[in-house]
Amino acid sequence: MAQGIDPIHQFQLHDLAGPWNIAGYEISFTNSALFMGIAVGVVTLTLLAAASRAALVPGRLQSVGELWYEFIHNMVRNVLGAEGKPFFPLVFSLFSFVLVANLLGMFPYFFTVTSHVVVTGTLAVFVVGLVVVVGIVKHGLGWFKLFVPHGVPMVILPFISLIEVISFLSRPVSLGLRLFGNMLAGHIVLKVFAGFVVLLGSMGLGGIVGAIAPLGMAVALTALEFLVAFLQAFVFAILTCVYLNDALHTHH
């Protein structure tokens, strides 16, 4: 299948530099690494530009920066309370990176970093690992009471605790797969409809008329994908707050 029509081709990794053999490991600079760097650069430059022109009456860029900041600040405060203030930079960084990476993937010939489970899974494992560390540091071994619900009869307590442990261990899986799955599936469907438009448009007048419907779907799906890009970043950030809340408060 031609690269222009193949819906999977857009997710393939390509070496841009290397590979280099370092300490027995083959390391290369890929298109995924490039766009992760671009995402970080876009976030950093946008926020620096917004802060550098601070004024009593904010301009457009400053307004965007302030809304961006306040949105995440309110999320952290509402979910974690005053104790969650130290985690604001983390949640803000995760939301910003995921959002910009999602949006960059909407541009033609750009790479969607969050369409690879190794990226989303790494972020998810980091979040859940941090939850465990924070919980133990704050509450000691008492944090593991999270897996022992109050009021459960002793007869079924081992089974309930096992379910709680499995549920906790599944968090990085669900957190990483949700983001990965939505971005992968959305881009594939969008590419399929765009492929229909190209194929039908090459069949003459009748094909051009028939391409109107898939073109309309492609436009609608593009708008939906921009919404999904934001929603998935929001879901990732809000779930991070919810999981951190379990680390700060051991009540079930």
# chains A, B, ... in the order shown; residues from 1 in each chain; ligands from 1
$ select_by_dssp --residues "range 11-138 of chain A" --states "helix (DSSP H, G or I)" --output "JSON, numbers by chain"
{"A": [11, 31, 32, 33, 34, 35, 36, 37, 38, 39, 40, 41, 42, 43, 44, 45, 46, 47, 48, 49, 50, 51, 52, 60, 61, 62, 63, 64, 65, 66, 67, 68, 69, 70, 71, 72, 73, 74, 75, 76, 77, 78, 79, 80, 81, 82, 83, 84, 85, 86, 87, 88, 89, 90, 91, 92, 93, 94, 95, 96, 97, 98, 99, 100, 101, 102, 103, 104, 113, 114, 115, 117, 118, 119, 120, 121, 122, 123, 124, 125, 126, 127, 128, 129, 130, 131, 132, 133, 134, 135, 136, 137, 138]}
$ residues_around --residues "range 181-184 of chain A" --least-positions-apart "6" --cutoff "8 Å" --atoms "only C-alpha atoms" --output "PyMOL selection string"
chain A and resi 102+112+114-116+228-229+232
$ closest_residue --among "A:Pro58, A:Ala17, A:Val148, A:Val131" --to "Val242 in chain A" --atoms "only C-alpha atoms"
A:Val131
$ residues_around --residues "Leu103 in chain A" --least-positions-apart "3" --cutoff "10 Å" --atoms "only C-alpha atoms" --output "ChimeraX atom specification"
/A:39,97-100,106-107,110,112,225-230
$ write_last_selection --atoms "C-alpha atoms" --output "CSV table (one decimal), in the first residue's frame"
chain,number,residue,atom,x,y,z
A,39,ALA,CA,6.9,19.6,22.2
A,97,PHE,CA,3.6,18.0,27.2
A,98,VAL,CA,0.7,15.6,26.4
A,99,LEU,CA,-1.5,18.5,25.0
A,100,VAL,CA,1.2,19.9,22.8
A,106,MET,CA,-2.5,17.0,13.9
A,107,PHE,CA,-0.3,18.7,11.4
A,110,PHE,CA,4.3,15.6,11.7
A,112,THR,CA,2.3,11.9,17.0
A,225,GLU,CA,-9.5,15.0,17.0
A,226,PHE,CA,-8.5,18.5,18.2
A,227,LEU,CA,-11.1,18.1,21.0
A,228,VAL,CA,-9.8,14.6,21.8
A,229,ALA,CA,-6.2,16.0,21.9
A,230,PHE,CA,-7.3,18.4,24.7
$ residues_around --residues "Val173 in chain A" --least-positions-apart "3" --cutoff "8 Å" --atoms "only C-alpha atoms" --output "list of chain:residue names"
A:Gly121, A:Ala124, A:Leu169, A:Ser170, A:Gly176, A:Leu177
$ write_last_selection --atoms "N, CA, C and O atoms" --output "short mmCIF file (atom, residue, chain, number, x, y, z; two decimals), in the first residue's frame"
data_model
loop_
_atom_site.label_atom_id
_atom_site.label_comp_id
_atom_site.auth_asym_id
_atom_site.auth_seq_id
_atom_site.Cartn_x
_atom_site.Cartn_y
_atom_site.Cartn_z
N GLY A 121 3.10 4.80 28.14
CA GLY A 121 3.30 3.84 29.22
C GLY A 121 4.38 4.29 30.19
O GLY A 121 4.26 4.11 31.40
N ALA A 124 2.92 6.91 32.39
CA ALA A 124 1.99 6.31 33.34
C ALA A 124 2.72 5.58 34.46
O ALA A 124 2.36 5.70 35.64
N LEU A 169 -2.39 -1.90 40.45
CA LEU A 169 -1.36 -2.23 39.47
C LEU A 169 -1.82 -2.02 38.04
O LEU A 169 -0.99 -1.87 37.13
N SER A 170 -3.14 -2.03 37.83
CA SER A 170 -3.66 -1.80 36.48
C SER A 170 -3.71 -0.33 36.11
O SER A 170 -3.97 0.01 34.95
N GLY A 176 -1.86 4.61 30.53
CA GLY A 176 -1.06 4.68 29.31
C GLY A 176 -1.83 4.25 28.08
O GLY A 176 -1.74 4.87 27.02
N LEU A 177 -2.62 3.18 28.20
CA LEU A 177 -3.36 2.66 27.05
C LEU A 177 -4.47 3.60 26.60
O LEU A 177 -4.79 3.67 25.42
#
$ closest_residue --among "A:Ile163, A:Val137, A:Leu90, A:Leu104" --to "Pro149 in chain A" --atoms "only C-alpha atoms"
A:Ile163
$ residues_around --residues "Val40 in chain A" --least-positions-apart "5" --cutoff "12 Å" --atoms "only C-alpha atoms" --output "PyMOL selection string"
chain A and resi 33-35+45-47+93-101+104+113
$ residues_around --residues "range 212-219 of chain A" --least-positions-apart "2" --cutoff "7 Å" --atoms "only C-alpha atoms" --output "list in words"
Leu190, Phe193, Ala194, Phe196, Val197, Ile208, Val209, Gly210, Leu221, Thr222 and Ala223 of chain A
$ write_last_selection --atoms "C-alpha atoms" --output "compact mmCIF listing (two decimals), in the first residue's frame"
# COMPACT_ATOMS: atom_id res chain seq x y z
CA LEU A 190 -8.84 10.18 9.94
CA PHE A 193 -11.28 8.83 5.30
CA ALA A 194 -8.60 11.06 3.81
CA PHE A 196 -11.04 7.60 0.47
CA VAL A 197 -11.08 11.22 -0.67
CA ILE A 208 -15.16 13.61 -7.12
CA VAL A 209 -18.89 13.78 -6.35
CA GLY A 210 -18.61 10.59 -4.30
CA LEU A 221 -13.10 14.05 12.42
CA THR A 222 -10.31 16.62 12.31
CA ALA A 223 -12.34 18.93 14.54
$ atom_distance --atom1 "CA of Leu80 in chain A" --atom2 "CA of Leu244 in chain A"
7.5 Å
$ select_by_dssp --residues "range 22-251 of chain A" --states "strand (DSSP E)" --output "JSON, numbers by chain"
{"A": [22, 25, 26, 27, 28, 29, 30]}
$ write_last_selection --atoms "N, CA and C atoms" --output "CSV table (one decimal), in the first residue's frame"
chain,number,residue,atom,x,y,z
A,22,ILE,N,26.7,2.5,22.2
A,22,ILE,CA,27.2,3.1,23.4
A,22,ILE,C,27.1,2.1,24.5
A,25,TYR,N,24.9,-0.8,23.8
A,25,TYR,CA,23.5,-0.5,23.5
A,25,TYR,C,23.4,0.3,22.2
A,26,GLU,N,22.5,0.0,21.3
A,26,GLU,CA,22.3,0.7,20.1
A,26,GLU,C,21.4,1.9,20.3
A,27,ILE,N,21.9,3.1,20.2
A,27,ILE,CA,21.1,4.3,20.4
A,27,ILE,C,21.1,5.2,19.2
A,28,SER,N,19.9,5.7,18.9
A,28,SER,CA,19.8,6.5,17.7
A,28,SER,C,18.8,7.7,18.0
A,29,PHE,N,18.8,8.7,17.3
A,29,PHE,CA,17.9,9.8,17.4
A,29,PHE,C,16.8,9.7,16.4
A,30,THR,N,15.6,9.4,16.9
A,30,THR,CA,14.5,9.1,16.0
A,30,THR,C,13.6,10.3,15.8
$ atom_distance --atom1 "CA of Glu83 in chain A" --atom2 "CA of Glu70 in chain A"
17.2 Å
$ atom_distance --atom1 "CA of Val128 in chain A" --atom2 "CA of Met154 in chain A"
28.3 Å
$ closest_residue --among "A:Val192, A:Leu130, A:Leu61, A:Val91" --to "Phe236 in chain A" --atoms "only C-alpha atoms"
A:Val91
